[in-house]
Structures are given as C-alpha cells and as structure tokens.
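S.K.: Contents of upload-v2.cif (mmCIF, C-alpha atoms):
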data_data
#
loop_
_atom_site.group_PDB
_atom_site.id
_atom_site.type_symbol
_atom_site.label_atom_id
_atom_site.label_comp_id
_atom_site.auth_asym_id
_atom_site.auth_seq_id
_atom_site.Cartn_x
_atom_site.Cartn_y
_atom_site.Cartn_z
ATOM 1 C CA MET A 1 176.135 188.354 208.900
ATOM 2 C CA CYS A 2 177.397 185.857 206.289
ATOM 3 C CA VAL A 3 175.352 185.890 203.111
ATOM 4 C CA ARG A 4 177.061 183.303 200.887
ATOM 5 C CA ARG A 5 179.752 181.789 203.135
ATOM 6 C CA CYS A 6 181.213 182.194 206.600
ATOM 7 C CA VAL A 7 184.767 180.959 205.942
ATOM 8 C CA ILE A 8 187.233 183.834 205.510
ATOM 9 C CA THR A 9 189.995 182.890 203.078
ATOM 10 C CA VAL A 10 193.420 184.226 202.208
ATOM 11 C CA GLY A 11 191.917 185.562 198.987
ATOM 12 C CA ASP A 12 189.695 187.863 201.055
ATOM 13 C CA LEU A 13 192.780 189.449 202.645
ATOM 14 C CA GLY A 14 195.045 189.764 199.608
ATOM 15 C CA GLU A 15 198.809 189.202 199.469
ATOM 16 C CA PHE A 16 199.967 191.971 201.790
ATOM 17 C CA GLY A 17 197.158 191.388 204.237
ATOM 18 C CA VAL A 18 198.244 187.749 204.410
ATOM 19 C CA VAL A 19 201.889 188.732 204.963
ATOM 20 C CA ASN A 20 200.942 191.147 207.734
ATOM 21 C CA ARG A 21 198.736 188.532 209.361
ATOM 22 C CA ILE A 22 201.552 185.976 209.338
ATOM 23 C CA THR A 23 204.261 188.291 210.657
ATOM 24 C CA ALA A 24 202.025 189.578 213.451
ATOM 25 C CA ARG A 25 202.029 186.047 214.930
ATOM 26 C CA LEU A 26 205.826 185.657 214.876
ATOM 27 C CA PRO A 27 207.949 187.003 217.747
ATOM 28 C CA GLN A 28 211.666 187.365 217.061
ATOM 29 C CA GLY A 29 214.462 185.917 219.182
ATOM 30 C CA ALA A 30 217.815 187.398 220.078
ATOM 31 C CA ALA A 31 219.602 185.911 217.048
ATOM 32 C CA VAL A 32 217.382 187.825 214.604
ATOM 33 C CA MET A 33 218.799 191.304 214.050
ATOM 34 C CA VAL A 34 216.372 192.249 211.247
ATOM 35 C CA GLY A 35 213.144 190.283 210.956
ATOM 36 C CA PRO A 36 210.225 190.324 208.512
ATOM 37 C CA GLY A 37 209.539 193.556 206.662
ATOM 38 C CA ASP A 38 212.743 194.231 204.719
ATOM 39 C CA ASP A 39 214.122 192.663 201.547
ATOM 40 C CA ALA A 40 216.119 190.172 203.621
ATOM 41 C CA ALA A 41 216.388 189.116 207.220
ATOM 42 C CA VAL A 42 219.639 189.557 209.137
ATOM 43 C CA VAL A 43 220.571 186.816 211.587
ATOM 44 C CA ALA A 44 223.575 186.938 213.910
ATOM 45 C CA ALA A 45 226.353 184.427 213.179
ATOM 46 C CA PRO A 46 228.738 184.559 216.170
ATOM 47 C CA ASP A 47 230.705 181.560 214.887
ATOM 48 C CA ARG A 48 231.216 183.226 211.454
ATOM 49 C CA ARG A 49 229.897 179.976 209.937
ATOM 50 C CA VAL A 50 226.238 179.136 209.359
ATOM 51 C CA ALA A 51 224.747 175.666 208.978
ATOM 52 C CA VAL A 52 221.961 175.840 206.377
ATOM 53 C CA SER A 53 219.329 173.270 205.396
ATOM 54 C CA THR A 54 216.260 173.508 203.174
ATOM 55 C CA ASP A 55 213.294 171.265 202.378
ATOM 56 C CA LEU A 56 210.067 171.333 200.400
ATOM 57 C CA LEU A 57 206.717 169.940 201.534
ATOM 58 C CA LEU A 58 204.015 169.426 198.936
ATOM 59 C CA GLU A 59 200.366 168.877 199.739
ATOM 60 C CA GLY A 60 199.390 165.353 198.746
ATOM 61 C CA ARG A 61 203.020 164.237 198.765
ATOM 62 C CA HIS A 62 204.321 165.061 202.236
ATOM 63 C CA PHE A 63 201.064 165.852 204.018
ATOM 64 C CA ARG A 64 197.324 165.712 203.510
ATOM 65 C CA ARG A 65 194.960 168.331 204.830
ATOM 66 C CA ASP A 66 192.352 165.664 205.549
ATOM 67 C CA TRP A 67 194.904 163.918 207.789
ATOM 68 C CA SER A 68 196.675 166.873 209.381
ATOM 69 C CA GLY A 69 195.605 170.298 210.572
ATOM 70 C CA GLY A 70 197.580 173.421 209.760
ATOM 71 C CA TYR A 71 199.258 173.449 213.171
ATOM 72 C CA ASP A 72 200.660 169.937 212.757
ATOM 73 C CA VAL A 73 201.858 170.712 209.225
ATOM 74 C CA GLY A 74 203.684 173.813 210.495
ATOM 75 C CA ARG A 75 205.352 171.878 213.311
ATOM 76 C CA LYS A 76 206.384 169.108 210.905
ATOM 77 C CA ALA A 77 207.739 171.473 208.250
ATOM 78 C CA ALA A 78 209.873 173.326 210.775
ATOM 79 C CA ALA A 79 210.980 170.162 212.589
ATOM 80 C CA GLN A 80 212.451 168.381 209.587
ATOM 81 C CA ASN A 81 214.708 171.342 208.813
ATOM 82 C CA LEU A 82 215.679 172.135 212.383
ATOM 83 C CA ALA A 83 216.630 168.456 212.799
ATOM 84 C CA ASP A 84 219.001 168.684 209.815
ATOM 85 C CA VAL A 85 220.784 171.621 211.429
ATOM 86 C CA ALA A 86 221.045 169.781 214.759
ATOM 87 C CA ALA A 87 222.443 166.737 212.919
ATOM 88 C CA MET A 88 225.389 168.891 211.819
ATOM 89 C CA GLY A 89 226.106 169.619 215.479
ATOM 90 C CA ALA A 90 224.726 173.159 215.229
ATOM 91 C CA VAL A 91 222.163 174.977 217.359
ATOM 92 C CA PRO A 92 219.232 176.202 215.235
ATOM 93 C CA THR A 93 218.745 179.979 215.271
ATOM 94 C CA SER A 94 216.063 180.734 212.687
ATOM 95 C CA ILE A 95 214.049 179.623 209.690
ATOM 96 C CA VAL A 96 212.683 181.422 206.640
ATOM 97 C CA VAL A 97 209.549 180.106 204.972
ATOM 98 C CA GLY A 98 208.274 180.204 201.395
ATOM 99 C CA LEU A 99 204.540 179.558 201.058
ATOM 100 C CA GLY A 100 202.457 178.721 198.035
ATOM 101 C CA ILE A 101 198.780 178.717 199.029
ATOM 102 C CA PRO A 102 195.410 178.602 197.247
ATOM 103 C CA ALA A 103 193.234 181.716 197.365
ATOM 104 C CA ASP A 104 190.424 179.688 198.946
ATOM 105 C CA LEU A 105 192.586 178.466 201.840
ATOM 106 C CA PRO A 106 190.771 179.332 205.089
ATOM 107 C CA LEU A 107 192.549 181.987 207.139
ATOM 108 C CA ALA A 108 192.106 179.817 210.216
ATOM 109 C CA TRP A 109 194.239 177.082 208.588
ATOM 110 C CA LEU A 110 196.927 179.637 207.721
ATOM 111 C CA ASP A 111 196.924 180.925 211.311
ATOM 112 C CA GLU A 112 197.360 177.373 212.590
ATOM 113 C CA LEU A 113 200.205 176.766 210.144
ATOM 114 C CA THR A 114 201.979 179.940 211.262
ATOM 115 C CA ASP A 115 201.550 179.020 214.916
ATOM 116 C CA GLY A 116 203.022 175.592 214.159
ATOM 117 C CA PHE A 117 206.141 177.179 212.658
ATOM 118 C CA ARG A 118 206.437 179.499 215.646
ATOM 119 C CA ASP A 119 205.961 176.845 218.326
ATOM 120 C CA GLU A 120 208.362 174.292 216.809
ATOM 121 C CA CYS A 121 211.020 176.993 216.532
ATOM 122 C CA ALA A 122 210.384 177.908 220.164
ATOM 123 C CA VAL A 123 211.401 174.369 221.210
ATOM 124 C CA VAL A 124 215.003 175.184 220.196
ATOM 125 C CA GLY A 125 214.932 178.939 220.811
ATOM 126 C CA ALA A 126 214.790 179.772 217.097
ATOM 127 C CA SER A 127 212.601 182.259 215.218
ATOM 128 C CA VAL A 128 210.775 182.577 211.911
ATOM 129 C CA ALA A 129 212.874 185.431 210.512
ATOM 130 C CA GLY A 130 211.101 185.971 207.192
ATOM 131 C CA GLY A 131 209.872 184.387 203.989
ATOM 132 C CA ASP A 132 207.631 184.839 200.966
ATOM 133 C CA VAL A 133 204.085 184.001 199.937
ATOM 134 C CA THR A 134 202.491 183.396 196.551
ATOM 135 C CA ARG A 135 199.339 181.918 195.093
ATOM 136 C CA CYS A 136 199.385 178.241 194.195
ATOM 137 C CA ASP A 137 196.847 175.555 193.330
ATOM 138 C CA GLN A 138 197.839 173.552 196.399
ATOM 139 C CA VAL A 139 199.775 174.190 199.591
ATOM 140 C CA VAL A 140 203.534 174.203 198.967
ATOM 141 C CA ILE A 141 205.937 174.925 201.832
ATOM 142 C CA GLY A 142 209.641 175.636 201.518
ATOM 143 C CA VAL A 143 211.597 175.994 204.767
ATOM 144 C CA THR A 144 215.240 176.993 205.144
ATOM 145 C CA ALA A 145 216.809 176.611 208.584
ATOM 146 C CA LEU A 146 219.951 178.305 209.877
ATOM 147 C CA GLY A 147 222.164 177.192 212.743
ATOM 148 C CA ASP A 148 225.157 178.279 214.816
ATOM 149 C CA LEU A 149 228.047 175.796 215.185
ATOM 150 C CA GLN A 150 229.274 177.630 218.311
ATOM 151 C CA GLY A 151 232.913 177.001 217.509
ATOM 152 C CA ARG A 152 232.552 173.266 216.907
ATOM 153 C CA ALA A 153 233.531 171.506 213.711
ATOM 154 C CA PRO A 154 230.478 170.399 211.706
ATOM 155 C CA VAL A 155 229.705 166.683 212.020
ATOM 156 C CA LEU A 156 229.707 165.313 208.480
ATOM 157 C CA ARG A 157 228.585 162.024 206.978
ATOM 158 C CA SER A 158 232.125 161.206 205.909
ATOM 159 C CA GLY A 159 233.765 160.715 209.307
ATOM 160 C CA ALA A 160 232.823 157.110 210.140
ATOM 161 C CA ARG A 161 235.843 154.853 210.702
ATOM 162 C CA PRO A 162 236.252 151.104 211.358
ATOM 163 C CA GLY A 163 235.963 150.538 215.085
ATOM 164 C CA HIS A 164 233.325 153.192 215.653
ATOM 165 C CA VAL A 165 230.042 152.201 217.271
ATOM 166 C CA VAL A 166 226.712 153.135 215.678
ATOM 167 C CA ALA A 167 224.067 154.658 217.945
ATOM 168 C CA VAL A 168 220.631 156.216 217.610
ATOM 169 C CA THR A 169 218.586 158.595 219.731
ATOM 170 C CA GLY A 170 214.958 159.598 219.376
ATOM 171 C CA ARG A 171 211.922 157.705 218.126
ATOM 172 C CA LEU A 172 212.082 155.162 215.305
ATOM 173 C CA GLY A 173 209.134 153.490 213.604
ATOM 174 C CA TYR A 174 206.458 155.757 215.072
ATOM 175 C CA ALA A 175 205.791 157.887 211.982
ATOM 176 C CA ALA A 176 205.785 154.851 209.675
ATOM 177 C CA ALA A 177 203.281 153.102 211.927
ATOM 178 C CA GLY A 178 201.058 156.183 212.007
ATOM 179 C CA TRP A 179 201.207 156.557 208.234
ATOM 180 C CA ALA A 180 200.251 152.890 207.773
ATOM 181 C CA LEU A 181 197.183 153.299 210.004
ATOM 182 C CA LEU A 182 196.066 156.452 208.209
ATOM 183 C CA GLU A 183 196.673 154.918 204.788
ATOM 184 C CA GLU A 184 194.469 151.946 205.666
ATOM 185 C CA GLY A 185 191.801 154.203 207.137
ATOM 186 C CA LEU A 186 191.961 152.439 210.483
ATOM 187 C CA PRO A 187 190.726 154.336 213.546
ATOM 188 C CA ALA A 188 193.170 155.145 216.325
ATOM 189 C CA GLY A 189 191.185 153.164 218.859
ATOM 190 C CA SER A 190 193.692 153.248 221.713
ATOM 191 C CA ALA A 191 196.213 155.593 223.292
ATOM 192 C CA ALA A 192 199.055 153.671 221.634
ATOM 193 C CA LEU A 193 197.554 153.997 218.157
ATOM 194 C CA GLU A 194 196.777 157.675 218.741
ATOM 195 C CA GLU A 195 200.424 158.180 219.697
ATOM 196 C CA VAL A 196 201.831 156.814 216.435
ATOM 197 C CA VAL A 197 199.301 158.729 214.329
ATOM 198 C CA ALA A 198 200.268 161.907 216.183
ATOM 199 C CA ALA A 199 203.933 161.107 215.512
ATOM 200 C CA HIS A 200 203.272 160.925 211.781
ATOM 201 C CA ARG A 201 201.580 164.305 211.890
ATOM 202 C CA ARG A 202 204.144 165.950 214.143
ATOM 203 C CA PRO A 203 207.655 164.524 214.750
ATOM 204 C CA SER A 204 209.641 165.156 217.950
ATOM 205 C CA PRO A 205 213.339 165.266 216.988
ATOM 206 C CA PRO A 206 215.916 165.058 219.791
ATOM 207 C CA TYR A 207 217.399 168.448 218.854
ATOM 208 C CA ALA A 208 219.669 168.892 221.853
ATOM 209 C CA MET A 209 221.401 165.577 221.188
ATOM 210 C CA GLY A 210 222.932 166.894 217.940
ATOM 211 C CA PRO A 211 225.210 169.526 219.474
ATOM 212 C CA ARG A 212 225.818 167.196 222.436
ATOM 213 C CA ALA A 213 226.981 164.426 220.078
ATOM 214 C CA ALA A 214 229.375 166.877 218.444
ATOM 215 C CA GLU A 215 230.807 167.726 221.868
ATOM 216 C CA LEU A 216 231.243 163.998 222.596
ATOM 217 C CA GLY A 217 233.267 163.529 219.418
ATOM 218 C CA ALA A 218 230.779 161.993 216.987
ATOM 219 C CA GLY A 219 232.571 160.958 213.811
ATOM 220 C CA ALA A 220 229.491 161.184 211.572
ATOM 221 C CA MET A 221 225.839 162.003 212.105
ATOM 222 C CA LEU A 222 222.549 162.578 210.282
ATOM 223 C CA ASP A 223 218.871 162.788 211.009
ATOM 224 C CA VAL A 224 216.698 159.822 210.083
ATOM 225 C CA SER A 225 214.269 161.230 207.533
ATOM 226 C CA ASP A 226 214.110 158.516 204.848
ATOM 227 C CA GLY A 227 214.626 155.373 206.951
ATOM 228 C CA LEU A 228 217.546 154.257 209.104
ATOM 229 C CA LEU A 229 218.975 151.772 206.601
ATOM 230 C CA GLN A 230 218.816 154.194 203.709
ATOM 231 C CA ASP A 231 220.210 157.109 205.691
ATOM 232 C CA LEU A 232 223.054 155.091 207.220
ATOM 233 C CA GLY A 233 223.808 154.001 203.661
ATOM 234 C CA HIS A 234 224.746 157.627 202.966
ATOM 235 C CA VAL A 235 227.195 157.541 205.877
ATOM 236 C CA ALA A 236 228.695 154.252 204.688
ATOM 237 C CA GLU A 237 229.137 155.571 201.150
ATOM 238 C CA ALA A 238 230.540 158.960 202.177
ATOM 239 C CA SER A 239 232.951 157.349 204.644
ATOM 240 C CA GLY A 240 233.956 154.347 202.526
ATOM 241 C CA VAL A 241 233.016 151.839 205.246
ATOM 242 C CA ARG A 242 230.544 149.054 206.023
ATOM 243 C CA ILE A 243 227.942 149.468 208.766
ATOM 244 C CA GLU A 244 226.722 146.323 210.507
ATOM 245 C CA LEU A 245 223.516 146.546 212.529
ATOM 246 C CA ASP A 246 222.365 144.119 215.214
ATOM 247 C CA PRO A 247 218.567 143.640 214.972
ATOM 248 C CA GLN A 248 218.498 142.443 218.589
ATOM 249 C CA ALA A 249 219.816 145.814 219.755
ATOM 250 C CA PHE A 250 216.720 147.738 218.666
ATOM 251 C CA ALA A 251 214.040 148.292 221.263
ATOM 252 C CA VAL A 252 210.631 148.358 219.588
ATOM 253 C CA ALA A 253 208.503 150.859 221.495
ATOM 254 C CA GLU A 254 205.138 149.644 222.752
ATOM 255 C CA PRO A 255 203.028 151.998 220.557
ATOM 256 C CA VAL A 256 204.842 150.729 217.456
ATOM 257 C CA ALA A 257 204.384 147.106 218.551
ATOM 258 C CA VAL A 258 200.662 147.678 219.192
ATOM 259 C CA ALA A 259 200.218 149.249 215.751
ATOM 260 C CA ALA A 260 202.098 146.378 214.112
ATOM 261 C CA LYS A 261 199.821 143.848 215.788
ATOM 262 C CA GLU A 262 196.781 145.806 214.605
ATOM 263 C CA MET A 263 198.125 145.872 211.037
ATOM 264 C CA GLY A 264 199.672 142.402 210.955
ATOM 265 C CA ALA A 265 203.022 144.050 210.208
ATOM 266 C CA ASP A 266 206.613 143.559 211.336
ATOM 267 C CA PRO A 267 207.432 146.413 213.739
ATOM 268 C CA LEU A 268 211.171 146.108 213.159
ATOM 269 C CA GLU A 269 210.608 146.859 209.472
ATOM 270 C CA TRP A 270 209.121 150.199 210.495
ATOM 271 C CA VAL A 271 212.022 150.854 212.857
ATOM 272 C CA LEU A 272 214.648 150.083 210.224
ATOM 273 C CA THR A 273 213.025 151.577 207.125
ATOM 274 C CA GLY A 274 210.384 154.059 208.278
ATOM 275 C CA GLY A 275 211.162 157.723 207.791
ATOM 276 C CA GLU A 276 209.982 161.071 209.168
ATOM 277 C CA ASP A 277 210.647 160.460 212.855
ATOM 278 C CA HIS A 278 213.782 162.593 212.530
ATOM 279 C CA ALA A 279 215.713 160.639 215.119
ATOM 280 C CA LEU A 280 219.487 161.093 215.043
ATOM 281 C CA ALA A 281 221.957 158.393 214.055
ATOM 282 C CA ALA A 282 225.664 158.833 214.701
ATOM 283 C CA VAL A 283 228.936 156.952 215.027
ATOM 284 C CA PHE A 284 231.313 157.399 217.951
ATOM 285 C CA PRO A 285 234.757 156.163 218.973
ATOM 286 C CA PRO A 286 234.260 153.072 221.159
ATOM 287 C CA GLU A 287 235.743 154.724 224.245
ATOM 288 C CA VAL A 288 233.095 157.486 224.313
ATOM 289 C CA ARG A 289 230.684 157.120 227.210
ATOM 290 C CA LEU A 290 227.297 157.824 225.664
ATOM 291 C CA PRO A 291 224.339 159.319 227.554
ATOM 292 C CA GLU A 292 221.462 156.937 228.265
ATOM 293 C CA SER A 293 219.383 158.534 225.518
ATOM 294 C CA TRP A 294 221.716 156.992 222.908
ATOM 295 C CA GLN A 295 221.255 153.322 222.037
ATOM 296 C CA VAL A 296 224.176 151.429 220.468
ATOM 297 C CA VAL A 297 222.800 149.368 217.575
ATOM 298 C CA GLY A 298 225.820 148.385 215.486
ATOM 299 C CA ARG A 299 229.404 148.950 214.474
ATOM 300 C CA VAL A 300 231.539 150.271 211.640
ATOM 301 C CA VAL A 301 233.921 147.856 209.884
ATOM 302 C CA GLU A 302 235.943 147.636 206.691
ATOM 303 C CA GLY A 303 233.881 147.176 203.563
ATOM 304 C CA ALA A 304 230.882 148.865 201.989
ATOM 305 C CA GLY A 305 227.138 149.266 202.498
ATOM 306 C CA VAL A 306 224.786 148.562 205.387
ATOM 307 C CA VAL A 307 223.794 145.091 206.553
ATOM 308 C CA VAL A 308 221.447 143.795 209.234
ATOM 309 C CA HIS A 309 222.863 140.567 210.621
ATOM 310 C CA GLY A 310 220.658 137.521 210.346
ATOM 311 C CA ARG A 311 217.702 139.347 208.884
ATOM 312 C CA LYS A 312 216.408 140.007 205.396
ATOM 313 C CA VAL A 313 214.981 143.483 204.924
ATOM 314 C CA GLY A 314 212.872 144.389 201.904
ATOM 315 C CA ARG A 315 212.331 148.063 201.134
ATOM 316 C CA ARG A 316 215.195 150.022 202.668
ATOM 317 C CA GLY A 317 213.559 153.437 202.967
ATOM 318 C CA TRP A 318 211.897 156.329 201.220
ATOM 319 C CA ASP A 319 212.865 157.451 197.725
ATOM 320 C CA HIS A 320 210.972 160.394 196.213
ATOM 321 C CA PHE A 321 211.470 159.089 192.677
ATOM 322 C CA GLU A 322 210.660 155.424 193.274
#
Step by step, read the file and then write its structure as structure tokens.

M.R.:
Amino acid sequence: MCVRRCVITVGDLGEFGVVNRITARLPQGAAVMVGPGDDAAVVAAPDRRVAVSTDLLLEGRHFRRDWSGGYDVGRKAAAQNLADVAAMGAVPTSIVVGLGIPADLPLAWLDELTDGFRDECAVVGASVAGGDVTRCDQVVIGVTALGDLQGRAPVLRSGARPGHVVAVTGRLGYAAAGWALLEEGLPAGSAALEEVVAAHRRPSPPYAMGPRAAELGAGAMLDVSDGLLQDLGHVAEASGVRIELDPQAFAVAEPVAVAAKEMGADPLEWVLTGGEDHALAAVFPPEVRLPESWQVVGRVVEGAGVVVHGRKVGRRGWDHFE
C-alpha cells in the first residue's frame, strides 16, 4: 500500500539498480561480442573500419516530457544517430547511451525510454551495447552509434561534382509541421495532423537507402537533421560547388499541406528548412538509375552555396547557437 506516493522513481532503485533494470530490457545482437556489464563493450568490425556518430539530446532543448513520452524520446534519440551512420553508407551495428536523469524520474518513464532505444535499434538490426548513467537535474541523453561499411568507401560530404543530380529520400517537412502545431498548442484534430505531430516525436529515417546509395555510387550524402537548405550547404562548401534546387520538384505530402493550411504557413518552407525528419539527401552521377524512393530535386554546378530557383527563402534551417 502506498502511504505518501505511488510513483516509483529511479531514486528508489539507486544507481546500480537502475543500470540492472536498463540492461535487463536490452537483448544483444550478433555484432555485440561483449555487452553491458564490463568496463567497455566489444563490437565486431568485419570491415576493420567503424563509422561512428554521436549526439546529445537535452530536455527542454530537443524534447519536452509534456510533449513526448519516454518511448518516443528513446526512438528519436537512437534514430538521429543511426541515420548519421546510414548517411555514411554504413550499416548500423550498435549504440552506446549516456544518461543523465533526475532522482525523481518515474521508473515507468525510464522503462519506456529504454524500450524506445531497443526498438529503434531493432529496425536496423542493431543493439544497445552499453552506456553510463548519472544523476542530473534534467534528462540528458548522449548516444553514440557504430556502423559497418561492409567494404564500401564511406560517402562523404566532399564528393559532389558539377553535373551530379541532387536527390532526396524519406520524409521532409513532417517534423517541422508537428513542432509548429505543438508550439502553438493546437490540437491534432485529424489523422493528418496527428501524423505530423507523431513525426516530430518519432522520426522514421530511410536507413536502408544509405548503404544502397553508396552501392549506386553516390558522390556525397548526409541526413537532413537541421533543414535541407542548411545541410546541403555543408555539401556545397565541402565540395566547392553550387547546388541549385528546383522548388517545383518537391512533392509536399498531404499531412504537411493540411498542417500548413491549419497554421496559415507555407508548406514548402517546412520542406526546405525544417529539420529532424532525418531524410537522406545525396548527389549522384546523372547516368545512375535511381530507385523510385529517391526524388531528384536539383543539380550540382560550378560556383558556391545553395540556391532555390525563383523563390526567396527566409530562415535556412536550425542553428543551436542562433
């Protein structure tokens, strides 16, 4: 019987009880040779090279607990790192997670978070191989993802050349639309609006398209985390080229269009500058026959920067220090 409160928190379990609770929910895949429990995990690297990416998520900055449950936060935290690995042309194998959590965090929320990590990794056959936990005033999540290049050369940002076509795969504008609705406190009153809000909480990167693009001969590639214009700007700068985008080539998905009508916004702005969908953008030689999932949206030419023909675009994407 609960006398003062019925919510069991991480503080009730203590550090090692929390660690044991987390690891008990995490099965290990074939790539993990030594999982949680030792000073370091050991992950197989058949290629003898490992693609590595890391990100931080801060409560109040990258997610809000009043907007997202623990499960969605876990899926999102894993997804944004696994997408980076896929954007290098590698197949994700594992992640390690650093957690800073308040002592009064409900254990149920921690369980949901752990399950989110586990289930997003399962999408690509990866595992949560280890991590660390400490006390913090708010939830802080650090995820490092590892990937196997499987004998392929990594796809860098510096390989775009004049004559290449620019193509994207995955969702664009969904997460930005969902964030706008949540920020304004508007209810998701239809299936379309619910879809974009769900996309903000939990992205769906096209993981398999990263290694496939590498096999097709992609010259450069990245995942769209800070907005398409801003992220393609990194490709243009690293490659010393100009990227020209055709606004007519972008298909605005119905849920994004519905949200834009609800908000009185321009849906193409969300498509071009919204982040956190973790779509993939890449450049390919013009003779490459792209799968239907890739949409050609522009070209690479001599020059510098990124331009959208015939259209003025305001904010170009997300900047943490703006």

S.K.: I'd like to know which of A:Pro211, A:Pro162, A:Gly185, A:Pro285 is closest to A:Val301, using only C-alpha atoms.

M.R.: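 When distances to A:Val301 are compared using only C-alpha atoms, the smallest one comes from A:Pro162.
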
S.K.: So that I can check the surroundings of stretch 222-238 of chain A, please list as a ChimeraX atom specification every protein, DNA and RNA residue that reaches within 9 Å of it, counting all atoms listed in the file and ignoring chain neighbours fewer than 2 positions away.

M.R.: /A:80,83-84,86-88,155-160,172-173,205,210,220,240-243,270-282,300,303-308,316-319

S.K.: Report the distance between atom CA of A:Arg152 and atom CA of A:Met33 in Å, rounded to one decimal place.

M.R.: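 Rounded to one decimal, the two atoms are 22.9 Å apart.
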
S.K.: Between atom CA of A:Ala129 and atom CA of A:Pro36, what is the spacing in Å?

M.R.: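 Atom CA of A:Ala129 lies at a distance of 5.9 Å from atom CA of A:Pro36.
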
S.K.: Let me know the residues the PyMOL selection byres ((chain A and resi 57) around 9) catches in the file above, as a PDB file with C-alpha atoms, in the frame of the given file.

M.R.:
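The resulting file, out38.pdb, is shown below:
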ATOM      1  CA  ASP A  55     213.294 171.265 202.378  1.00  0.00           C
ATOM      2  CA  LEU A  56     210.067 171.333 200.400  1.00  0.00           C
ATOM      3  CA  LEU A  58     204.015 169.426 198.936  1.00  0.00           C
ATOM      4  CA  GLU A  59     200.366 168.877 199.739  1.00  0.00           C
ATOM      5  CA  ARG A  61     203.020 164.237 198.765  1.00  0.00           C
ATOM      6  CA  HIS A  62     204.321 165.061 202.236  1.00  0.00           C
ATOM      7  CA  PHE A  63     201.064 165.852 204.018  1.00  0.00           C
ATOM      8  CA  ALA A  77     207.739 171.473 208.250  1.00  0.00           C
ATOM      9  CA  VAL A 139     199.775 174.190 199.591  1.00  0.00           C
ATOM     10  CA  VAL A 140     203.534 174.203 198.967  1.00  0.00           C
ATOM     11  CA  ILE A 141     205.937 174.925 201.832  1.00  0.00           C
ATOM     12  CA  GLY A 142     209.641 175.636 201.518  1.00  0.00           C
ATOM     13  CA  VAL A 143     211.597 175.994 204.767  1.00  0.00           C
TER      14      VAL A 143
END

S.K.: Apply the PyMOL selection byres ((chain A and resi 40-43) around 10) to the displayed file and report the matching residues as a tab-separated table (two decimals) with C-alpha atoms, in the coordinates of the input.

M.R.:
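Once everything was written out, this is selection.tsv:
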chain	number	residue	atom	x	y	z
A	29	GLY	CA	214.46	185.92	219.18
A	30	ALA	CA	217.82	187.40	220.08
A	31	ALA	CA	219.60	185.91	217.05
A	32	VAL	CA	217.38	187.82	214.60
A	33	MET	CA	218.80	191.30	214.05
A	34	VAL	CA	216.37	192.25	211.25
A	35	GLY	CA	213.14	190.28	210.96
A	36	PRO	CA	210.22	190.32	208.51
A	37	GLY	CA	209.54	193.56	206.66
A	38	ASP	CA	212.74	194.23	204.72
A	39	ASP	CA	214.12	192.66	201.55
A	44	ALA	CA	223.58	186.94	213.91
A	45	ALA	CA	226.35	184.43	213.18
A	46	PRO	CA	228.74	184.56	216.17
A	50	VAL	CA	226.24	179.14	209.36
A	93	THR	CA	218.74	179.98	215.27
A	94	SER	CA	216.06	180.73	212.69
A	95	ILE	CA	214.05	179.62	209.69
A	96	VAL	CA	212.68	181.42	206.64
A	127	SER	CA	212.60	182.26	215.22
A	128	VAL	CA	210.78	182.58	211.91
A	129	ALA	CA	212.87	185.43	210.51
A	130	GLY	CA	211.10	185.97	207.19
A	131	GLY	CA	209.87	184.39	203.99
A	146	LEU	CA	219.95	178.30	209.88
A	147	GLY	CA	222.16	177.19	212.74

S.K.: Point out the residue among A:Val73, A:Val52, A:Val168, A:Cys121 with the least atom-to-atom distance to A:Pro206, counting all atoms listed in the file.

M.R.: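 Ranked by minimum distance to A:Pro206, first place goes to A:Val168.
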
S.K.: Evaluate the PyMOL selection byres ((chain A and resi 174) around 8) here and jot the selected residues down as an mmCIF file with C-alpha atoms, keeping the file's coordinate frame.

M.R.:
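Result written to part31.cif:
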data_model
loop_
_atom_site.group_PDB
_atom_site.id
_atom_site.type_symbol
_atom_site.label_atom_id
_atom_site.label_comp_id
_atom_site.auth_asym_id
_atom_site.auth_seq_id
_atom_site.Cartn_x
_atom_site.Cartn_y
_atom_site.Cartn_z
ATOM 1 C CA ARG A 171 211.922 157.705 218.126
ATOM 2 C CA LEU A 172 212.082 155.162 215.305
ATOM 3 C CA GLY A 173 209.134 153.490 213.604
ATOM 4 C CA ALA A 175 205.791 157.887 211.982
ATOM 5 C CA ALA A 176 205.785 154.851 209.675
ATOM 6 C CA ALA A 177 203.281 153.102 211.927
ATOM 7 C CA GLY A 178 201.058 156.183 212.007
ATOM 8 C CA GLU A 195 200.424 158.180 219.697
ATOM 9 C CA VAL A 196 201.831 156.814 216.435
ATOM 10 C CA VAL A 197 199.301 158.729 214.329
ATOM 11 C CA ALA A 199 203.933 161.107 215.512
ATOM 12 C CA HIS A 200 203.272 160.925 211.781
ATOM 13 C CA PRO A 255 203.028 151.998 220.557
ATOM 14 C CA VAL A 256 204.842 150.729 217.456
ATOM 15 C CA TRP A 270 209.121 150.199 210.495
ATOM 16 C CA VAL A 271 212.022 150.854 212.857
ATOM 17 C CA ASP A 277 210.647 160.460 212.855
#

S.K.: Need the neighbours of (205.0, 182.9, 195.5): which residues are at most 8 Å away, counting only C-alpha atoms, as a ChimeraX atom specification?

M.R.: /A:98-100,132-136

S.K.: Counting all atoms listed in the file, which residue out of A:Ser293, A:Glu302, A:Ala108, A:Val18 sits closest to A:Cys6?

M.R.: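 Of all the options, A:Ala108 lies closest to A:Cys6.
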
S.K.: Do a neighbour search on A:Glu254 at 10 Å with all atoms listed in the file, toss out local chain neighbours closer than 6 positions, and write the hits as a PDB file with C-alpha atoms, keeping the file's coordinate frame.

M.R.:
ATOM      1  CA  TYR A 174     206.458 155.757 215.072  1.00  0.00           C
ATOM      2  CA  ALA A 192     199.055 153.671 221.634  1.00  0.00           C
ATOM      3  CA  LEU A 193     197.554 153.997 218.157  1.00  0.00           C
ATOM      4  CA  ALA A 260     202.098 146.378 214.112  1.00  0.00           C
ATOM      5  CA  PRO A 267     207.432 146.413 213.739  1.00  0.00           C
TER       6      PRO A 267
END

S.K.: Do you have the atom CA of A:Asp47-atom CA of A:Pro154 distance handy?

M.R.: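 Distance reported for this atom pair: 11.6 Å.
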
S.K.: Which of these residues is nearest to A:Ala214, using only C-alpha atoms: A:Gly170, A:Leu149, A:Val165, A:Pro247?

M.R.: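 So, comparing all the options, the nearest one is A:Leu149.
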
S.K.: Counting only C-alpha atoms, which of A:Met221, A:Ala265, A:Ile22, A:Leu110 gets nearest to A:Ser239?

M.R.: A:Met221

S.K.: Rank nothing, just name the residue among A:Ala249, A:Ala24, A:Val288, A:Val10 nearest to A:His164, using all atoms listed in the file.

M.R.: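 Checking each of A:Ala249, A:Ala24, A:Val288, A:Val10 against A:His164, counting all atoms listed in the file, the winner is A:Val288.
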